[in-house]
file query-v7.cif (mmCIF, N, CA and C atoms and all ligand atoms)
data_work
#
loop_
_atom_site.label_atom_id
_atom_site.label_comp_id
_atom_site.auth_asym_id
_atom_site.auth_seq_id
_atom_site.Cartn_x
_atom_site.Cartn_y
_atom_site.Cartn_z
N MET K 1132 135.64 -106.15 116.46
CA MET K 1132 136.36 -105.38 115.47
C MET K 1132 137.60 -104.82 116.11
N LEU K 1133 138.67 -104.81 115.35
CA LEU K 1133 139.95 -104.33 115.83
C LEU K 1133 140.60 -103.56 114.71
N SER K 1134 141.26 -102.49 115.04
CA SER K 1134 142.02 -101.74 114.05
C SER K 1134 143.47 -101.69 114.51
N ILE K 1135 144.36 -102.01 113.62
CA ILE K 1135 145.79 -101.95 113.94
C ILE K 1135 146.49 -101.18 112.83
N PRO K 1136 147.60 -100.51 113.17
CA PRO K 1136 148.33 -99.79 112.12
C PRO K 1136 148.89 -100.78 111.11
N ALA K 1137 148.68 -100.50 109.83
CA ALA K 1137 149.18 -101.39 108.78
C ALA K 1137 150.61 -101.06 108.39
N GLY K 1138 151.08 -99.86 108.69
CA GLY K 1138 152.42 -99.46 108.32
C GLY K 1138 153.43 -99.81 109.41
N GLU K 1139 154.69 -99.65 109.10
CA GLU K 1139 155.74 -99.92 110.07
C GLU K 1139 155.76 -98.81 111.12
N ASN K 1140 156.18 -99.17 112.32
CA ASN K 1140 156.31 -98.22 113.42
C ASN K 1140 155.01 -97.51 113.77
N GLY K 1141 153.89 -98.16 113.50
CA GLY K 1141 152.61 -97.58 113.85
C GLY K 1141 152.19 -96.43 112.97
N LYS K 1142 152.92 -96.17 111.92
CA LYS K 1142 152.55 -95.08 111.02
C LYS K 1142 151.91 -95.65 109.76
N GLY K 1143 151.24 -94.82 109.05
CA GLY K 1143 150.60 -95.26 107.82
C GLY K 1143 149.15 -95.57 108.03
N ASP K 1144 148.58 -96.30 107.09
CA ASP K 1144 147.17 -96.63 107.14
C ASP K 1144 146.87 -97.57 108.28
N TRP K 1145 145.63 -97.49 108.75
CA TRP K 1145 145.16 -98.43 109.76
C TRP K 1145 144.47 -99.57 109.05
N LEU K 1146 144.64 -100.74 109.61
CA LEU K 1146 144.03 -101.95 109.08
C LEU K 1146 142.82 -102.29 109.94
N LYS K 1147 141.66 -102.34 109.32
CA LYS K 1147 140.43 -102.63 110.05
C LYS K 1147 140.09 -104.09 109.83
N LEU K 1148 139.89 -104.84 110.92
CA LEU K 1148 139.62 -106.27 110.77
C LEU K 1148 138.61 -106.75 111.79
N ASP K 1149 137.97 -107.86 111.45
CA ASP K 1149 137.06 -108.55 112.36
C ASP K 1149 137.33 -110.04 112.23
N LEU K 1150 137.79 -110.63 113.31
CA LEU K 1150 138.19 -112.04 113.29
C LEU K 1150 137.17 -112.96 113.96
N HIS K 1151 135.95 -112.46 114.16
CA HIS K 1151 134.91 -113.28 114.76
C HIS K 1151 133.56 -112.75 114.27
N ILE K 1152 133.12 -113.33 113.17
CA ILE K 1152 131.86 -112.88 112.60
C ILE K 1152 131.15 -114.07 111.97
N HIS K 1153 129.82 -114.03 111.98
CA HIS K 1153 129.01 -115.13 111.47
C HIS K 1153 128.19 -114.66 110.26
N THR K 1154 127.72 -115.62 109.50
CA THR K 1154 126.83 -115.34 108.37
C THR K 1154 125.66 -116.33 108.43
N LEU K 1155 124.74 -116.24 107.49
CA LEU K 1155 123.62 -117.19 107.51
C LEU K 1155 124.05 -118.62 107.22
N ASP K 1156 125.31 -118.82 106.88
CA ASP K 1156 125.83 -120.18 106.70
C ASP K 1156 126.04 -120.88 108.04
N ASP K 1157 125.95 -120.12 109.14
CA ASP K 1157 126.27 -120.69 110.45
C ASP K 1157 125.27 -121.77 110.85
N PRO K 1158 125.76 -122.94 111.28
CA PRO K 1158 124.84 -124.02 111.65
C PRO K 1158 124.12 -123.79 112.98
N LYS K 1159 124.54 -122.83 113.78
CA LYS K 1159 123.91 -122.62 115.09
C LYS K 1159 123.25 -121.26 115.25
N ASP K 1160 123.93 -120.20 114.88
CA ASP K 1160 123.38 -118.86 115.06
C ASP K 1160 122.40 -118.51 113.93
N ALA K 1161 121.33 -117.84 114.29
CA ALA K 1161 120.36 -117.36 113.30
C ALA K 1161 120.81 -115.97 112.85
N VAL K 1162 121.48 -115.93 111.72
CA VAL K 1162 122.00 -114.68 111.16
C VAL K 1162 121.27 -114.44 109.85
N ASP K 1163 120.92 -113.19 109.60
CA ASP K 1163 120.08 -112.92 108.43
C ASP K 1163 120.82 -112.26 107.27
N TYR K 1164 122.14 -112.37 107.24
CA TYR K 1164 122.86 -111.83 106.09
C TYR K 1164 123.83 -112.88 105.54
N SER K 1165 123.99 -112.82 104.23
CA SER K 1165 124.85 -113.79 103.55
C SER K 1165 126.31 -113.35 103.63
N ALA K 1166 127.18 -114.24 103.20
CA ALA K 1166 128.60 -113.90 103.15
C ALA K 1166 128.85 -112.75 102.19
N HIS K 1167 128.16 -112.76 101.06
CA HIS K 1167 128.34 -111.66 100.10
C HIS K 1167 127.80 -110.34 100.64
N GLN K 1168 126.70 -110.38 101.36
CA GLN K 1168 126.19 -109.16 102.00
C GLN K 1168 127.20 -108.66 103.04
N LEU K 1169 127.79 -109.59 103.76
CA LEU K 1169 128.83 -109.22 104.74
C LEU K 1169 130.00 -108.55 104.03
N LEU K 1170 130.43 -109.13 102.93
CA LEU K 1170 131.57 -108.55 102.20
C LEU K 1170 131.25 -107.13 101.72
N GLU K 1171 130.05 -106.94 101.20
CA GLU K 1171 129.66 -105.60 100.72
C GLU K 1171 129.66 -104.59 101.86
N ARG K 1172 129.10 -105.00 102.99
CA ARG K 1172 129.05 -104.10 104.16
C ARG K 1172 130.45 -103.83 104.69
N ALA K 1173 131.26 -104.88 104.74
CA ALA K 1173 132.63 -104.73 105.24
C ALA K 1173 133.43 -103.79 104.35
N ARG K 1174 133.28 -103.95 103.06
CA ARG K 1174 134.00 -103.07 102.13
C ARG K 1174 133.55 -101.62 102.32
N ALA K 1175 132.24 -101.42 102.46
CA ALA K 1175 131.71 -100.06 102.65
C ALA K 1175 132.25 -99.42 103.93
N LEU K 1176 132.50 -100.26 104.94
CA LEU K 1176 133.00 -99.74 106.22
C LEU K 1176 134.53 -99.72 106.29
N GLY K 1177 135.19 -100.18 105.24
CA GLY K 1177 136.65 -100.11 105.19
C GLY K 1177 137.39 -101.28 105.80
N PHE K 1178 136.70 -102.40 106.03
CA PHE K 1178 137.39 -103.58 106.55
C PHE K 1178 138.26 -104.19 105.47
N ARG K 1179 139.44 -104.64 105.88
CA ARG K 1179 140.36 -105.26 104.92
C ARG K 1179 140.69 -106.70 105.27
N VAL K 1180 140.32 -107.14 106.48
CA VAL K 1180 140.57 -108.53 106.89
C VAL K 1180 139.34 -109.01 107.65
N LEU K 1181 138.84 -110.20 107.28
CA LEU K 1181 137.69 -110.80 107.96
C LEU K 1181 137.95 -112.29 108.18
N ALA K 1182 137.35 -112.82 109.22
CA ALA K 1182 137.32 -114.27 109.44
C ALA K 1182 135.88 -114.65 109.75
N ILE K 1183 135.26 -115.40 108.87
CA ILE K 1183 133.92 -115.92 109.13
C ILE K 1183 134.09 -117.17 109.98
N THR K 1184 133.59 -117.08 111.21
CA THR K 1184 133.84 -118.14 112.19
C THR K 1184 132.55 -118.91 112.47
N LEU K 1185 132.24 -119.83 111.58
CA LEU K 1185 131.06 -120.66 111.78
C LEU K 1185 131.26 -121.51 113.02
N HIS K 1186 130.14 -121.88 113.67
CA HIS K 1186 130.21 -122.76 114.82
C HIS K 1186 130.51 -124.19 114.37
N ASP K 1187 131.61 -124.72 114.85
CA ASP K 1187 131.99 -126.11 114.63
C ASP K 1187 132.06 -126.50 113.14
N ALA K 1188 132.32 -125.53 112.31
CA ALA K 1188 132.47 -125.79 110.87
C ALA K 1188 133.36 -124.70 110.28
N VAL K 1189 134.01 -125.06 109.19
CA VAL K 1189 134.89 -124.10 108.52
C VAL K 1189 134.16 -123.57 107.29
N PHE K 1190 134.11 -122.26 107.17
CA PHE K 1190 133.52 -121.63 105.99
C PHE K 1190 134.48 -121.86 104.84
N ASP K 1191 134.03 -122.56 103.79
CA ASP K 1191 134.96 -122.96 102.74
C ASP K 1191 134.43 -122.70 101.33
N ARG K 1192 133.53 -121.75 101.19
CA ARG K 1192 132.99 -121.45 99.85
C ARG K 1192 134.03 -120.64 99.09
N GLN K 1193 134.73 -121.32 98.20
CA GLN K 1193 135.87 -120.71 97.51
C GLN K 1193 135.50 -119.48 96.68
N GLN K 1194 134.27 -119.46 96.14
CA GLN K 1194 133.86 -118.28 95.37
C GLN K 1194 133.82 -117.04 96.25
N VAL K 1195 133.42 -117.21 97.51
CA VAL K 1195 133.37 -116.07 98.44
C VAL K 1195 134.79 -115.59 98.74
N PHE K 1196 135.73 -116.52 98.89
CA PHE K 1196 137.13 -116.13 99.11
C PHE K 1196 137.66 -115.35 97.89
N ALA K 1197 137.32 -115.84 96.70
CA ALA K 1197 137.77 -115.16 95.48
C ALA K 1197 137.13 -113.78 95.37
N ASP K 1198 135.85 -113.68 95.69
CA ASP K 1198 135.16 -112.39 95.62
C ASP K 1198 135.73 -111.42 96.65
N ALA K 1199 136.04 -111.93 97.83
CA ALA K 1199 136.65 -111.08 98.87
C ALA K 1199 137.98 -110.53 98.38
N ALA K 1200 138.79 -111.40 97.80
CA ALA K 1200 140.10 -110.96 97.30
C ALA K 1200 139.94 -109.90 96.22
N ALA K 1201 138.96 -110.09 95.35
CA ALA K 1201 138.71 -109.11 94.29
C ALA K 1201 138.27 -107.76 94.87
N MET K 1202 137.70 -107.79 96.08
CA MET K 1202 137.25 -106.57 96.75
C MET K 1202 138.34 -105.97 97.63
N GLY K 1203 139.51 -106.62 97.65
CA GLY K 1203 140.60 -106.12 98.49
C GLY K 1203 140.48 -106.51 99.94
N ILE K 1204 139.71 -107.57 100.20
CA ILE K 1204 139.52 -108.05 101.58
C ILE K 1204 140.18 -109.42 101.71
N LEU K 1205 141.02 -109.56 102.72
CA LEU K 1205 141.60 -110.86 103.03
C LEU K 1205 140.61 -111.61 103.89
N LEU K 1206 140.10 -112.72 103.38
CA LEU K 1206 139.17 -113.57 104.12
C LEU K 1206 139.95 -114.77 104.64
N ILE K 1207 140.03 -114.90 105.96
CA ILE K 1207 140.82 -115.96 106.58
C ILE K 1207 139.91 -117.15 106.87
N PRO K 1208 140.29 -118.36 106.43
CA PRO K 1208 139.50 -119.54 106.79
C PRO K 1208 139.56 -119.74 108.31
N ALA K 1209 138.38 -119.89 108.91
CA ALA K 1209 138.34 -119.94 110.38
C ALA K 1209 137.14 -120.73 110.85
N ALA K 1210 137.12 -121.00 112.15
CA ALA K 1210 135.99 -121.69 112.77
C ALA K 1210 135.94 -121.31 114.24
N GLU K 1211 134.75 -121.47 114.82
CA GLU K 1211 134.55 -121.29 116.25
C GLU K 1211 134.15 -122.65 116.81
N LYS K 1212 135.07 -123.31 117.47
CA LYS K 1212 134.85 -124.67 117.95
C LYS K 1212 134.41 -124.65 119.41
N SER K 1213 133.29 -125.32 119.67
CA SER K 1213 132.81 -125.45 121.04
C SER K 1213 133.53 -126.61 121.71
N LEU K 1214 134.04 -126.34 122.91
CA LEU K 1214 134.71 -127.38 123.71
C LEU K 1214 134.08 -127.35 125.09
N GLY K 1215 132.95 -128.03 125.22
CA GLY K 1215 132.22 -127.96 126.49
C GLY K 1215 131.70 -126.56 126.70
N SER K 1216 132.06 -125.95 127.81
CA SER K 1216 131.61 -124.59 128.10
C SER K 1216 132.55 -123.53 127.54
N LYS K 1217 133.61 -123.95 126.87
CA LYS K 1217 134.60 -123.03 126.31
C LYS K 1217 134.49 -123.02 124.79
N ILE K 1218 135.05 -121.99 124.19
CA ILE K 1218 135.14 -121.95 122.74
C ILE K 1218 136.59 -121.74 122.35
N LEU K 1219 136.93 -122.25 121.19
CA LEU K 1219 138.27 -122.11 120.65
C LEU K 1219 138.14 -121.52 119.26
N MET K 1220 138.80 -120.39 119.05
CA MET K 1220 138.80 -119.79 117.73
C MET K 1220 139.98 -120.38 116.96
N ILE K 1221 139.69 -120.91 115.77
CA ILE K 1221 140.71 -121.55 114.94
C ILE K 1221 140.86 -120.74 113.66
N TYR K 1222 142.08 -120.30 113.39
CA TYR K 1222 142.34 -119.52 112.18
C TYR K 1222 143.25 -120.29 111.24
N ASP K 1223 143.22 -119.95 109.97
CA ASP K 1223 143.90 -120.69 108.93
C ASP K 1223 143.45 -122.15 108.99
N ALA K 1224 142.15 -122.30 109.10
CA ALA K 1224 141.54 -123.61 109.33
C ALA K 1224 141.19 -124.31 108.02
N CYS K 1225 141.02 -125.62 108.12
CA CYS K 1225 140.48 -126.42 107.03
C CYS K 1225 139.43 -127.34 107.64
N ALA K 1226 138.76 -128.13 106.81
CA ALA K 1226 137.69 -128.99 107.30
C ALA K 1226 138.16 -129.91 108.42
N HIS K 1227 139.42 -130.32 108.39
CA HIS K 1227 139.95 -131.21 109.42
C HIS K 1227 140.20 -130.48 110.74
N SER K 1228 140.24 -129.16 110.69
CA SER K 1228 140.59 -128.38 111.87
C SER K 1228 139.57 -128.50 113.00
N VAL K 1229 138.33 -128.83 112.67
CA VAL K 1229 137.31 -128.90 113.70
C VAL K 1229 137.02 -130.34 114.13
N GLY K 1230 137.74 -131.29 113.57
CA GLY K 1230 137.56 -132.69 113.94
C GLY K 1230 138.22 -133.00 115.28
N PRO K 1231 137.73 -134.01 115.97
CA PRO K 1231 138.25 -134.31 117.32
C PRO K 1231 139.72 -134.71 117.34
N GLN K 1232 140.18 -135.47 116.35
CA GLN K 1232 141.58 -135.89 116.37
C GLN K 1232 142.52 -134.72 116.15
N PHE K 1233 142.17 -133.84 115.24
CA PHE K 1233 143.01 -132.67 114.98
C PHE K 1233 143.07 -131.79 116.23
N LEU K 1234 141.89 -131.55 116.82
CA LEU K 1234 141.85 -130.68 118.00
C LEU K 1234 142.64 -131.30 119.15
N GLN K 1235 142.48 -132.59 119.34
CA GLN K 1235 143.18 -133.24 120.44
C GLN K 1235 144.69 -133.09 120.25
N SER K 1236 145.19 -133.29 119.03
CA SER K 1236 146.63 -133.18 118.81
C SER K 1236 147.10 -131.74 119.01
N ARG K 1237 146.29 -130.78 118.57
CA ARG K 1237 146.67 -129.37 118.72
C ARG K 1237 146.63 -128.95 120.19
N LEU K 1238 145.60 -129.39 120.92
CA LEU K 1238 145.50 -129.01 122.32
C LEU K 1238 146.63 -129.62 123.13
N ILE K 1239 146.98 -130.86 122.82
CA ILE K 1239 148.11 -131.49 123.51
C ILE K 1239 149.38 -130.71 123.20
N HIS K 1240 149.57 -130.32 121.95
CA HIS K 1240 150.74 -129.54 121.57
C HIS K 1240 150.74 -128.20 122.30
N PHE K 1241 149.58 -127.55 122.37
CA PHE K 1241 149.48 -126.27 123.05
C PHE K 1241 149.81 -126.43 124.54
N MET K 1242 149.26 -127.46 125.16
CA MET K 1242 149.53 -127.69 126.58
C MET K 1242 151.01 -127.97 126.80
N PHE K 1243 151.65 -128.69 125.86
CA PHE K 1243 153.07 -128.97 125.97
C PHE K 1243 153.87 -127.67 125.90
N LEU K 1244 153.52 -126.80 124.96
CA LEU K 1244 154.21 -125.51 124.85
C LEU K 1244 154.00 -124.66 126.10
N ALA K 1245 152.78 -124.68 126.63
CA ALA K 1245 152.51 -123.92 127.84
C ALA K 1245 153.34 -124.45 129.01
N ALA K 1246 153.47 -125.78 129.09
CA ALA K 1246 154.26 -126.39 130.16
C ALA K 1246 155.73 -126.01 130.01
N GLN K 1247 156.21 -126.00 128.77
CA GLN K 1247 157.61 -125.63 128.52
C GLN K 1247 157.87 -124.18 128.92
N SER K 1248 156.91 -123.33 128.70
CA SER K 1248 157.11 -121.92 129.01
C SER K 1248 156.93 -121.64 130.49
N GLY K 1249 156.46 -122.64 131.23
CA GLY K 1249 156.27 -122.45 132.67
C GLY K 1249 154.95 -121.81 133.03
N ARG K 1250 154.11 -121.61 132.01
CA ARG K 1250 152.81 -120.99 132.27
C ARG K 1250 151.73 -122.05 132.30
N ALA K 1251 150.86 -121.94 133.24
CA ALA K 1251 149.70 -122.83 133.26
C ALA K 1251 148.65 -122.26 132.35
N CYS K 1252 147.86 -123.12 131.75
CA CYS K 1252 146.78 -122.60 130.91
C CYS K 1252 145.45 -123.10 131.38
ZN ZN I 1301 130.72 -116.54 117.52
#

call {"tool": "encode", "arguments": {"input": "query-v7.cif", "output": "structure tokens"}}
result
Amino acid sequence: MLSIPAGENGKGDWLKLDLHIHTLDDPKDAVDYSAHQLLERARALGFRVLAITLHDAVFDRQQVFADAAAMGILLIPAAEKSLGSKILMIYDACAHSVGPQFLQSRLIHFMFLAAQSGRAC
């Protein structure tokens, strides 16, 4: 969980968000709450941005996205992709985002940008 100021210059309301959370939709983790239960709890706690990061899959139940929006919560399509012993968090994801060809092209692009910046990754 992270909170950042939502207003300009650090003033104004704080934005409460969680960009790494699972639900019982997760194919690997045993979680005992649904996406809707998560939304209800998040709303009660004042969260305004969430990313449900299923393992190696993108959460894409459009009704949950619509319900989140109706509750004033921005739900970001996301995934948690396993890459050997590492994980990669993917945001603004779609079903193709966790496929090997998409990841390979993105990782090559990322490595190219890192090389251009002179930083090793
Ligand atoms: Zn996780």

call {"tool": "residues_near_ligand", "arguments": {"input": "query-v7.cif", "ligand": "ligand ZN 1301 (chain I)", "cutoff": "6.5 Å", "atoms": "only N, CA and C atoms and all ligand atoms", "output": "list in words"}}
result
His1151, Ile1152, His1153, Thr1184 and Glu1211 of chain K

call {"tool": "residues_around", "arguments": {"input": "query-v7.cif", "residues": "His1167 in chain K", "least_positions_apart": "5", "cutoff": "10 Å", "atoms": "only C-alpha atoms", "output": "mmCIF file with N, CA and C atoms, keeping the file's coordinate frame"}}
result
data_model
loop_
_atom_site.group_PDB
_atom_site.id
_atom_site.type_symbol
_atom_site.label_atom_id
_atom_site.label_comp_id
_atom_site.auth_asym_id
_atom_site.auth_seq_id
_atom_site.Cartn_x
_atom_site.Cartn_y
_atom_site.Cartn_z
ATOM 1 N N THR K 1154 127.720 -115.620 109.500
ATOM 2 C CA THR K 1154 126.830 -115.340 108.370
ATOM 3 C C THR K 1154 125.660 -116.330 108.430
ATOM 4 N N ARG K 1172 129.100 -105.000 102.990
ATOM 5 C CA ARG K 1172 129.050 -104.100 104.160
ATOM 6 C C ARG K 1172 130.450 -103.830 104.690
ATOM 7 N N ALA K 1173 131.260 -104.880 104.740
ATOM 8 C CA ALA K 1173 132.630 -104.730 105.240
ATOM 9 C C ALA K 1173 133.430 -103.790 104.350
ATOM 10 N N GLN K 1194 134.270 -119.460 96.140
ATOM 11 C CA GLN K 1194 133.860 -118.280 95.370
ATOM 12 C C GLN K 1194 133.820 -117.040 96.250
ATOM 13 N N VAL K 1195 133.420 -117.210 97.510
ATOM 14 C CA VAL K 1195 133.370 -116.070 98.440
ATOM 15 C C VAL K 1195 134.790 -115.590 98.740
ATOM 16 N N PHE K 1196 135.730 -116.520 98.890
ATOM 17 C CA PHE K 1196 137.130 -116.130 99.110
ATOM 18 C C PHE K 1196 137.660 -115.350 97.890
ATOM 19 N N ASP K 1198 135.850 -113.680 95.690
ATOM 20 C CA ASP K 1198 135.160 -112.390 95.620
ATOM 21 C C ASP K 1198 135.730 -111.420 96.650
ATOM 22 N N ALA K 1199 136.040 -111.930 97.830
ATOM 23 C CA ALA K 1199 136.650 -111.080 98.870
ATOM 24 C C ALA K 1199 137.980 -110.530 98.380
#

call {"tool": "atom_distance", "arguments": {"input": "query-v7.cif", "atom1": "atom N of Gly1215 in chain K", "atom2": "atom N of His1227 in chain K"}}
result
18.2 Å

call {"tool": "residues_near_point", "arguments": {"input": "query-v7.cif", "point": "(136.9, -121.9, 116.2)", "cutoff": "7 Å", "atoms": "only N, CA and C atoms", "output": "PDB file with N, CA and C atoms, keeping the file's coordinate frame"}}
result
ATOM      1  N   THR K1184     133.590-117.080 111.210  1.00  0.00           N
ATOM      2  CA  THR K1184     133.840-118.140 112.190  1.00  0.00           C
ATOM      3  C   THR K1184     132.550-118.910 112.470  1.00  0.00           C
ATOM      4  N   LEU K1185     132.240-119.830 111.580  1.00  0.00           N
ATOM      5  CA  LEU K1185     131.060-120.660 111.780  1.00  0.00           C
ATOM      6  C   LEU K1185     131.260-121.510 113.020  1.00  0.00           C
ATOM      7  N   HIS K1186     130.140-121.880 113.670  1.00  0.00           N
ATOM      8  CA  HIS K1186     130.210-122.760 114.820  1.00  0.00           C
ATOM      9  C   HIS K1186     130.510-124.190 114.370  1.00  0.00           C
ATOM     10  N   ASP K1187     131.610-124.720 114.850  1.00  0.00           N
ATOM     11  CA  ASP K1187     131.990-126.110 114.630  1.00  0.00           C
ATOM     12  C   ASP K1187     132.060-126.500 113.140  1.00  0.00           C
ATOM     13  N   ALA K1209     138.380-119.890 108.910  1.00  0.00           N
ATOM     14  CA  ALA K1209     138.340-119.940 110.380  1.00  0.00           C
ATOM     15  C   ALA K1209     137.140-120.730 110.850  1.00  0.00           C
ATOM     16  N   ALA K1210     137.120-121.000 112.150  1.00  0.00           N
ATOM     17  CA  ALA K1210     135.990-121.690 112.770  1.00  0.00           C
ATOM     18  C   ALA K1210     135.940-121.310 114.240  1.00  0.00           C
ATOM     19  N   GLU K1211     134.750-121.470 114.820  1.00  0.00           N
ATOM     20  CA  GLU K1211     134.550-121.290 116.250  1.00  0.00           C
ATOM     21  C   GLU K1211     134.150-122.650 116.810  1.00  0.00           C
ATOM     22  N   LYS K1212     135.070-123.310 117.470  1.00  0.00           N
ATOM     23  CA  LYS K1212     134.850-124.670 117.950  1.00  0.00           C
ATOM     24  C   LYS K1212     134.410-124.650 119.410  1.00  0.00           C
ATOM     25  N   SER K1213     133.290-125.320 119.670  1.00  0.00           N
ATOM     26  CA  SER K1213     132.810-125.450 121.040  1.00  0.00           C
ATOM     27  C   SER K1213     133.530-126.610 121.710  1.00  0.00           C
ATOM     28  N   ILE K1218     135.050-121.990 124.190  1.00  0.00           N
ATOM     29  CA  ILE K1218     135.140-121.950 122.740  1.00  0.00           C
ATOM     30  C   ILE K1218     136.590-121.740 122.350  1.00  0.00           C
ATOM     31  N   LEU K1219     136.930-122.250 121.190  1.00  0.00           N
ATOM     32  CA  LEU K1219     138.270-122.110 120.650  1.00  0.00           C
ATOM     33  C   LEU K1219     138.140-121.520 119.260  1.00  0.00           C
ATOM     34  N   MET K1220     138.800-120.390 119.050  1.00  0.00           N
ATOM     35  CA  MET K1220     138.800-119.790 117.730  1.00  0.00           C
ATOM     36  C   MET K1220     139.980-120.380 116.960  1.00  0.00           C
ATOM     37  N   ILE K1221     139.690-120.910 115.770  1.00  0.00           N
ATOM     38  CA  ILE K1221     140.710-121.550 114.940  1.00  0.00           C
ATOM     39  C   ILE K1221     140.860-120.740 113.660  1.00  0.00           C
ATOM     40  N   TYR K1222     142.080-120.300 113.390  1.00  0.00           N
ATOM     41  CA  TYR K1222     142.340-119.520 112.180  1.00  0.00           C
ATOM     42  C   TYR K1222     143.250-120.290 111.240  1.00  0.00           C
TER      43      TYR K1222
END

call {"tool": "atom_distance", "arguments": {"input": "query-v7.cif", "atom1": "atom N of Ser1165 in chain K", "atom2": "atom N of Ser1216 in chain K"}}
result
28.2 Å

call {"tool": "atom_distance", "arguments": {"input": "query-v7.cif", "atom1": "CA of Ala1182 in chain K", "atom2": "CA of Ile1204 in chain K"}}
result
10.3 Å

call {"tool": "closest_residue", "arguments": {"input": "query-v7.cif", "among": "K:Ala1197, K:Asp1149, K:Pro1231, K:Cys1225", "to": "Leu1181 in chain K", "atoms": "all atoms listed in the file"}}
result
K:Asp1149
